[in-house]
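K.L.:
Below is the structure I would like to discuss, written out as structure tokens.
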Amino acid sequence: MPNTVSAAPNPELSVNDFKESVVKHLRSTLGTYEEKASTQAWSQAVAAAVNELVFDGVSRTRKTHAREDARAVHYLSLEFLMGRLMSNNLHNLGLFEIADQAISELGQSLTDLLEEEPDMGLGNGGLGRLAACFLDSMATLELPAVGYGIHYEHGLFRQEFYKGHQVERPDEWREFGSPWEICRPESQQKVKLYGYVETVYDGAVPKKVWHPGRVVRAIPWDIPIVGYGGRNVNILRLWESRADKFFDWDVFNSGGYVDAYKESVEAETISKVLYPNDETDAGKELRLIQQYFFSAASIADVMRRFKSAHGNDFSKFARLNALQLNDTHPAIAVPEMMRVLMDDEGIEWSQAWEISQATFSYTNHTLLPEALEKWPLKLIGHVLPRHLEIILEINHRFLHNDVEPTWPGNDDIKRRLSIVEEGGAQMIRMGHLSVIGSHTVNGVAEIHSDLVKRDLFPEMNQLWPKKFTNVTNGITPRRWMKACNPRLSTLIEKHVDKDWPRYLEKLEALKPLADDESFQKEYMAVKQANKEELVGIIKNLMDIDISADAIFDIQIKRLHEYKRQHLNLLHIMAQYRRLLLNPDYDMVPRVYFFGAKAAPGYALAKQIIFAINKVAEKINNDERIGGKIKIVFPANYRVSLAEKLIPAADVSEQISLAGKEASGTGNMKLALNGAITLGTLDGANIEIAEEAGSENVVIFGMEVDDVIAKQQAGYNPSDYYHKNEELKAVLDWFDSDFFTPGEPRLLKDIKYNLVDHDPFMVLADFDSYCEAQEKIDALYRDKKAWARSTIINTASLAKFNSDRSMIDYAKNIWNLGGIAADD
Ligand code: 26Q
């Protein structure tokens, strides 16, 4: 893949140029002046100055792609968890130092300005952040790529704690507009909904005509994605919904003024809010409409661009366009593509199917049964009548042409493979539709991809063994090292080539230094300084005093039973109890950090959040334990908070039940920044252990096959409860008022869930987890051994560069090459 980008600093702009540009925008764009401007105005003025370069790159890149008639990938995702854009744009443009200097000469602080920017939180967690890292990498690799999603008015809710309970508040990321987005009304599309299908017989083949009951407009907002080096700038296109005819004059004239507004309110509801459920299927009509709305608008956009270059010659379509489905959320794009090709373009089924299948590929992100999307057949028939017909035809042909010849007369297999799930209300299985409609299906870590084949789609894999593949996830080192950990980046730069953020394998040059005492000291001094900075942040944010000499142990991820935050909590409680029983109990002081949002309707997850907060309140204020344990759980965990926690981490908690975490990506960010993974052999932890060496991670717990064996043998969690006195004692605390004074049993559901069911086998892994925690404690006391492991982690993580993931997709799935934008 061509790459000639250099790693900055940008030679074309001086500090003075930048100062002039900021002041110009302060006066002419923001309508204020230096003496009067608020921090917010300064921040907007800097964004405007940055945008002069960014927009230039957008136009250049567009022109190149149009001229070269480049094959492009379109990444369809309901979520893009972008976080803040200013710092990254500055780094990728090679402008960070210049801007820093210019802004300080203007009497402002860049750090303060950066803090003004709200996070763009248009995603739930891993899947959404992955999409954001992929955009950064695709732009950096100069891959012609467009991200397509929804321009939610409100992203993931803002989390507050009230008396320890999670409270959800609306996210207002663009209350006053975002400087990074450009509205493109000229590229709007119309999206049809509801209505009925008419069959018209006016030629040899009957024609299907969809008479929609409603039409909404999709308005695109473009967000420029600056590649590292700044030459290539791709686009993230997010669709906002609007009423089709806000001023319907007929309704208006007959006194229906208010009704006209009603229609606009309903249409605008579609892009109002991101669904906050991860790993559960909400099954709501509005969610289905969101999925269709953005899929249809995106396909129409791709079609428009194709037709303006190639007219109706659809034989070229699949050669020039790849469409990637980020999980099944945009799976409705498959029948939509078929509808457009057949009903709008007059192509017959088999050719349309060939084009469609050659275009789509699908990434699976979960094996959890409750997360596999299904929609009531009736609901799809109501909202998208033509699509239901097409889905049923796809299914019929699949069962008849593929399944029947392979397993003649085998109704059992047909029942399992059918897109339609029978028994009770008929359901459409979006995973099946995605597999059948795609040329390639991938999982997101080696073990996960194996389990997709073995457990999730075994017969599909038998039918089409070559369809299934793996692409291990990655993270962008620009955001997750260069921008968020400037101290470590500076140290790295003293020892390895400057272009390490682009070629992360250059960090391997640090390996020989892992045993070098003076390098160890430098590296650990960086970690210590990052920890001290975090101590200050936590003091400001929560008024909690913590010591940077303690082990900083971090678990940051969505709250879910399978991720087992409660396993972590049980161990903390056990340690606390040991300290109460024996005040001399010898342990390295530890600060346990949590960051987690729970889906608003997920009662047990919310109770676990409440439990962590109540245990924190008690332990943090118990003078008997001499500050040996602190629990820090800042509210509203988000990308910008992750960027502050990760550089300060000593221990990375990756403790999901084996077989449940598809990959994980926080595990990669933490290990790259020198945290030691304390984890199960699950998801990408396995590959992290392979890369860093098993002696540089701490692994515990059952493996996938142990889990299956134990479940088959009949898992009885109450045995563990009765056999382990310490475990019993801490679980019984939940049944008392120990952590909720005067209000006994508020936390009892956690105990009974574990003792009676324990669906994620927390109790079975408890002993092994405690032992692993003791290993961490022992290793940390050996300063040199710890420093060595930490350095080796940083030096070994190149595989998890999202550039590598993107190269894998480009080569093995999209058949896509990079194209250097014009200068
Ligand atoms: C589905 C239907 C209706 C409403 C919401 C949803 C929904 C939304 C988000 C379902 C799932 C998600 C998010 C899933 C997710 O983040 N999965 C994570 O993806 C990461 C990137 O591949 C992996 O690293 C994680 O292991 C996986 O849990």
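Residues are referred to by chain and number: the chain letter is A, B, ... according to the order shown in the structure tokens, the number counts from 1 in that chain, and ligands are numbered separately from 1 in the order shown.
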Show me which residues are within 9 Å of ligand 1 counting only C-alpha atoms and all ligand atoms, and format the list as number ranges by chain.
P.N.:
A: 78-79, 123-131, 274-284, 287-288, 326-329, 363-367, 371-374, 443-445, 448, 472-474, 558, 660-667, 683-684
K.L.:
Once DSSP has gone over the backbone, tell me which residues of region 356-603 of chain A are in alpha helix (DSSP H), as a ChimeraX atom specification.
P.N.:
/A:356-359,377-383,385-398,404-406,411-417,430-437,446-451,458-463,477,486-495,517-542,565-581,603
K.L.:
Quick one: DSSP strand (DSSP E or B) residues in region 172-302 of chain A, as a ChimeraX atom specification?
P.N.:
/A:182-183,189-193,196-200,207-211,214-226,233-243,273
K.L.:
Quick one, how far is CA of Asn582 (chain A) from CA of Gly627 (chain A)?
P.N.:
14.4 Å
K.L.:
At what distance in Å, to one decimal, does CA of Ser241 (chain A) lie from CA of His151 (chain A)?
P.N.:
8.3 Å
K.L.:
Would you please work out which residue, of A:Glu354, A:Glu691, A:Glu522, A:Asp732, is nearest to Val755 (chain A) when using only C-alpha atoms?
P.N.:
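Using only C-alpha atoms, the shortest distance to Val755 (chain A) belongs to A:Asp732.
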K.L.:
Hey, which bits of region 310-368 of chain A sit within 8 Å of region 382-396 of chain A, and for each residue what's the closest pair of atoms and how far apart in Å (one decimal), counting only C-alpha atoms, rows by chain and increasing number, as a Markdown table?
P.N.:
| residue | atom | partner | partner_atom | distance |
| --- | --- | --- | --- | --- |
| A:Pro335 | CA | A:His387 | CA | 5.7 |
| A:Glu336 | CA | A:His387 | CA | 6.8 |
| A:Met338 | CA | A:Ile390 | CA | 7.6 |
| A:Arg339 | CA | A:His387 | CA | 7.3 |
K.L.:
Would you compute the distance between CA of Gln40 (chain A) and CA of Glu116 (chain A)? Give it in Å to one decimal.
P.N.:
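Between CA of Gln40 (chain A) and CA of Glu116 (chain A) the gap is 6.2 Å.
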K.L.:
Given only C-alpha atoms, how would the per-residue table for region 682-797 of chain A near region 611-624 of chain A read, listing every residue at most 12 Å away with its closest atom pair and distance in Å to one decimal, sorted by chain and number, as JSON lines?
P.N.:
{"residue": "A:Val730", "atom": "CA", "partner": "A:Val615", "partner_atom": "CA", "distance": 11.2}
{"residue": "A:Leu731", "atom": "CA", "partner": "A:Ala611", "partner_atom": "CA", "distance": 11.7}
{"residue": "A:Trp733", "atom": "CA", "partner": "A:Val615", "partner_atom": "CA", "distance": 10.3}
{"residue": "A:Phe734", "atom": "CA", "partner": "A:Ala611", "partner_atom": "CA", "distance": 8.5}
{"residue": "A:Asp735", "atom": "CA", "partner": "A:Ala611", "partner_atom": "CA", "distance": 11.8}
{"residue": "A:Asp737", "atom": "CA", "partner": "A:Lys614", "partner_atom": "CA", "distance": 10.6}
{"residue": "A:Phe738", "atom": "CA", "partner": "A:Lys618", "partner_atom": "CA", "distance": 8.7}
{"residue": "A:Phe739", "atom": "CA", "partner": "A:Lys614", "partner_atom": "CA", "distance": 5.8}
{"residue": "A:Thr740", "atom": "CA", "partner": "A:Lys614", "partner_atom": "CA", "distance": 6.7}
{"residue": "A:Pro741", "atom": "CA", "partner": "A:Lys618", "partner_atom": "CA", "distance": 9.7}
{"residue": "A:Glu743", "atom": "CA", "partner": "A:Lys614", "partner_atom": "CA", "distance": 11.7}
{"residue": "A:Arg745", "atom": "CA", "partner": "A:Ala611", "partner_atom": "CA", "distance": 11.2}
{"residue": "A:Leu746", "atom": "CA", "partner": "A:Ala611", "partner_atom": "CA", "distance": 8.9}
{"residue": "A:Leu747", "atom": "CA", "partner": "A:Ala611", "partner_atom": "CA", "distance": 6.6}
{"residue": "A:Lys748", "atom": "CA", "partner": "A:Ala611", "partner_atom": "CA", "distance": 10.0}
{"residue": "A:Asp749", "atom": "CA", "partner": "A:Ala611", "partner_atom": "CA", "distance": 10.6}
{"residue": "A:Ile750", "atom": "CA", "partner": "A:Ala611", "partner_atom": "CA", "distance": 8.7}
{"residue": "A:Lys751", "atom": "CA", "partner": "A:Ala611", "partner_atom": "CA", "distance": 11.0}
K.L.:
Which residues, written as an mmCIF file with N, CA and C atoms, in the first residue's frame, have at least one atom at most 10 Å from Met587 (chain A), with only C-alpha atoms counted and residues fewer than 4 positions away on the same chain left out?
P.N.:
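Output below, filename part22.cif:
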data_model
loop_
_atom_site.group_PDB
_atom_site.id
_atom_site.type_symbol
_atom_site.label_atom_id
_atom_site.label_comp_id
_atom_site.auth_asym_id
_atom_site.auth_seq_id
_atom_site.Cartn_x
_atom_site.Cartn_y
_atom_site.Cartn_z
ATOM 1 N N GLN A 575 -10.564 -8.530 50.140
ATOM 2 C CA GLN A 575 -9.342 -7.870 50.626
ATOM 3 C C GLN A 575 -9.646 -6.966 51.817
ATOM 4 N N LEU A 579 -8.287 -7.134 55.719
ATOM 5 C CA LEU A 579 -7.708 -6.005 56.461
ATOM 6 C C LEU A 579 -8.454 -5.765 57.773
ATOM 7 N N LYS A 628 -5.310 1.591 52.500
ATOM 8 C CA LYS A 628 -4.706 0.573 51.622
ATOM 9 C C LYS A 628 -5.563 0.252 50.413
ATOM 10 N N ILE A 629 -6.874 0.470 50.539
ATOM 11 C CA ILE A 629 -7.749 0.273 49.375
ATOM 12 C C ILE A 629 -8.542 1.550 49.151
ATOM 13 N N GLU A 774 -3.004 -11.925 43.780
ATOM 14 C CA GLU A 774 -1.811 -12.003 44.633
ATOM 15 C C GLU A 774 -0.534 -12.018 43.799
ATOM 16 N N ASP A 777 0.240 -8.486 43.021
ATOM 17 C CA ASP A 777 0.808 -7.836 44.200
ATOM 18 C C ASP A 777 2.305 -8.178 44.335
ATOM 19 N N ALA A 778 2.612 -9.469 44.176
ATOM 20 C CA ALA A 778 4.002 -9.910 44.314
ATOM 21 C C ALA A 778 4.874 -9.334 43.205
ATOM 22 N N ARG A 781 5.845 -5.695 43.656
ATOM 23 C CA ARG A 781 6.879 -5.419 44.662
ATOM 24 C C ARG A 781 8.272 -5.528 44.053
#
